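Notes follow the structure.
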Amino acid sequence: MDLMSVANEPAKELLGAQTHVWNHTFSYLTPMALKCALQLGIPDGIRNHGKPMTLGELAISLCLHPSKAHSLGRLMRLLVHSNFFSKQELSSGEEAFDLTINSQLLFKDHPLTLAPFVLMELDPILVESSYNFATWFQSDDDTPFHIAHKKSIWEYASSVPEFNKLFNNAMSSDTQFVVSLLMSDIEFKGLLERVE
């Protein structure tokens, strides 16, 4: 299909194609919004409040700069759309935001937290590697990470203590989550009993 044949497509199909391209172009904003929510402590803030929070309550509890409070609504709408939070209307007519099962996995102190894993995967050190996919395909480097940082992820972790801690916390949280699920599965428990 050449450019001229694309131009001859019906407008509805072209708009659908543009929407598809735009959705993928801007899809990086959802994980970055999630990272922002974790860094601000939104899941823990709503949990500590004990009930759904209005934007005003959330802005105060998060100690946001007053000039940024109006932008919190945009962030929360994106996170509601992504099913990390839910939105409801209070009897006062105000919108309030509550937790979902997805955001409950992001509490900082919960044994099944996935927050460390999310923060590691969205850290600039790892994200930078994804900028090198095309270069990696055209080179003999082992990984895109190596192109970005001139060493393997293991070498990098051993030489940068902050990243090492971030990496180990992420692996620990993921392992703890998976092991907890495996150990709670009835079929798996039955298998363990047979093995013992």
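In the structure tokens, chains take the letters A, B, ... in the order shown, each chain's residues start at 1, and ligands count up from 1 in the order shown.
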
* **Secondary structure check, helix (DSSP H, G or I) residues of stretch 3-150 of chain A, as a PyMOL selection string** => chain A and resi 3-7+11-25+29-40+42-49+55-61+66-81+101-104+115-121+124-130+133-137+144-149

Using only C-alpha atoms, please write the residues we just selected to a file, as a tab-separated table (two decimals), in the first residue's frame.
chain	number	residue	atom	x	y	z
A	3	LEU	CA	0.89	6.78	0.38
A	4	MET	CA	-1.60	7.66	-2.36
A	5	SER	CA	-3.75	4.62	-1.61
A	6	VAL	CA	-3.72	5.53	2.10
A	7	ALA	CA	-4.95	9.01	1.18
A	11	ALA	CA	-12.09	9.49	6.40
A	12	LYS	CA	-13.50	7.25	9.15
A	13	GLU	CA	-10.77	4.65	8.57
A	14	LEU	CA	-8.05	7.30	8.43
A	15	LEU	CA	-9.27	8.81	11.71
A	16	GLY	CA	-9.28	5.32	13.23
A	17	ALA	CA	-5.71	4.79	12.04
A	18	GLN	CA	-4.64	8.17	13.43
A	19	THR	CA	-6.27	7.28	16.76
A	20	HIS	CA	-4.38	3.99	16.80
A	21	VAL	CA	-1.06	5.76	16.16
A	22	TRP	CA	-1.79	8.42	18.78
A	23	ASN	CA	-2.84	5.83	21.37
A	24	HIS	CA	0.50	4.09	21.00
A	25	THR	CA	2.46	7.34	20.83
A	29	LEU	CA	1.93	8.51	29.86
A	30	THR	CA	-0.04	5.80	31.69
A	31	PRO	CA	2.98	4.12	33.31
A	32	MET	CA	4.50	7.53	34.05
A	33	ALA	CA	1.24	8.57	35.74
A	34	LEU	CA	1.39	5.36	37.77
A	35	LYS	CA	4.97	6.12	38.79
A	36	CYS	CA	3.91	9.63	39.80
A	37	ALA	CA	1.06	8.21	41.91
A	38	LEU	CA	3.52	5.96	43.74
A	39	GLN	CA	6.05	8.74	44.26
A	40	LEU	CA	3.34	11.05	45.61
A	42	ILE	CA	-1.62	8.38	46.42
A	43	PRO	CA	-2.56	4.73	47.16
A	44	ASP	CA	-1.34	4.99	50.76
A	45	GLY	CA	-2.94	8.42	51.16
A	46	ILE	CA	-6.39	7.12	50.20
A	47	ARG	CA	-5.94	4.03	52.39
A	48	ASN	CA	-4.89	6.14	55.38
A	49	HIS	CA	-7.88	8.44	54.85
A	55	LEU	CA	-9.29	16.19	44.87
A	56	GLY	CA	-9.01	18.90	47.52
A	57	GLU	CA	-8.47	16.37	50.31
A	58	LEU	CA	-5.97	14.47	48.20
A	59	ALA	CA	-4.04	17.62	47.25
A	60	ILE	CA	-3.76	18.66	50.91
A	61	SER	CA	-2.74	15.20	52.12
A	66	PRO	CA	-0.87	25.04	45.38
A	67	SER	CA	-0.23	25.88	41.73
A	68	LYS	CA	-0.25	22.16	40.84
A	69	ALA	CA	-3.43	21.12	42.67
A	70	HIS	CA	-5.62	21.68	39.59
A	71	SER	CA	-3.47	19.24	37.58
A	72	LEU	CA	-4.14	16.44	40.06
A	73	GLY	CA	-7.57	15.96	38.47
A	74	ARG	CA	-5.98	15.14	35.11
A	75	LEU	CA	-3.63	12.65	36.72
A	76	MET	CA	-6.46	10.97	38.62
A	77	ARG	CA	-8.69	10.76	35.53
A	78	LEU	CA	-5.93	8.94	33.66
A	79	LEU	CA	-5.42	6.58	36.61
A	80	VAL	CA	-9.18	5.96	36.88
A	81	HIS	CA	-9.31	5.22	33.15
A	101	ILE	CA	-7.66	-4.07	43.76
A	102	ASN	CA	-4.93	-2.81	41.41
A	103	SER	CA	-4.00	0.16	43.59
A	104	GLN	CA	-4.12	-1.99	46.72
A	115	ALA	CA	5.39	-0.84	44.13
A	116	PRO	CA	9.16	-1.57	44.16
A	117	PHE	CA	8.84	-3.52	40.91
A	118	VAL	CA	6.88	-0.73	39.21
A	119	LEU	CA	9.36	1.90	40.38
A	120	MET	CA	12.33	-0.11	39.11
A	121	GLU	CA	10.79	-0.84	35.71
A	124	PRO	CA	15.14	6.25	33.91
A	125	ILE	CA	18.05	3.79	34.11
A	126	LEU	CA	15.89	0.99	32.66
A	127	VAL	CA	13.66	3.16	30.49
A	128	GLU	CA	16.72	4.62	28.77
A	129	SER	CA	17.52	1.14	27.48
A	130	SER	CA	14.32	1.12	25.44
A	133	PHE	CA	16.17	-0.93	20.46
A	134	ALA	CA	16.93	0.06	16.86
A	135	THR	CA	20.64	0.49	17.60
A	136	TRP	CA	20.68	-2.89	19.35
A	137	PHE	CA	19.13	-4.64	16.34
A	144	PRO	CA	19.88	-2.50	24.84
A	145	PHE	CA	20.88	-1.93	28.48
A	146	HIS	CA	24.53	-2.46	27.52
A	147	ILE	CA	24.25	0.12	24.75
A	148	ALA	CA	22.76	2.68	27.16
A	149	HIS	CA	25.14	2.08	30.06

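The residues of chain A that DSSP assigns to strand (DSSP E) on this backbone come out as Met53, Thr54, Phe85, Ser86, Lys87, Gln88, Glu89, Glu95, Ala96, Phe97, Asp98 and Leu99 of chain A.
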
* Structure fact -> Across A:Cys63, A:Tyr131, A:Ser92, A:Phe97, the smallest distance to A:Lys51, with only C-alpha atoms counted, is shown by A:Phe97

* Structure fact -> Of A:Pro52, A:Gly41, A:Pro161, A:Pro10, the one sitting nearest A:Gln88 when using only C-alpha atoms is A:Pro52

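Distance-wise, atom CA of A:Trp154 and atom CA of A:Asn168 end up 11.1 Å apart.
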
* **Near-A:Ser180 list (10 Å; only C-alpha atoms; drop same-chain fewer than 5 positions) as a PyMOL selection string** => chain A and resi 111-112+174-175+185
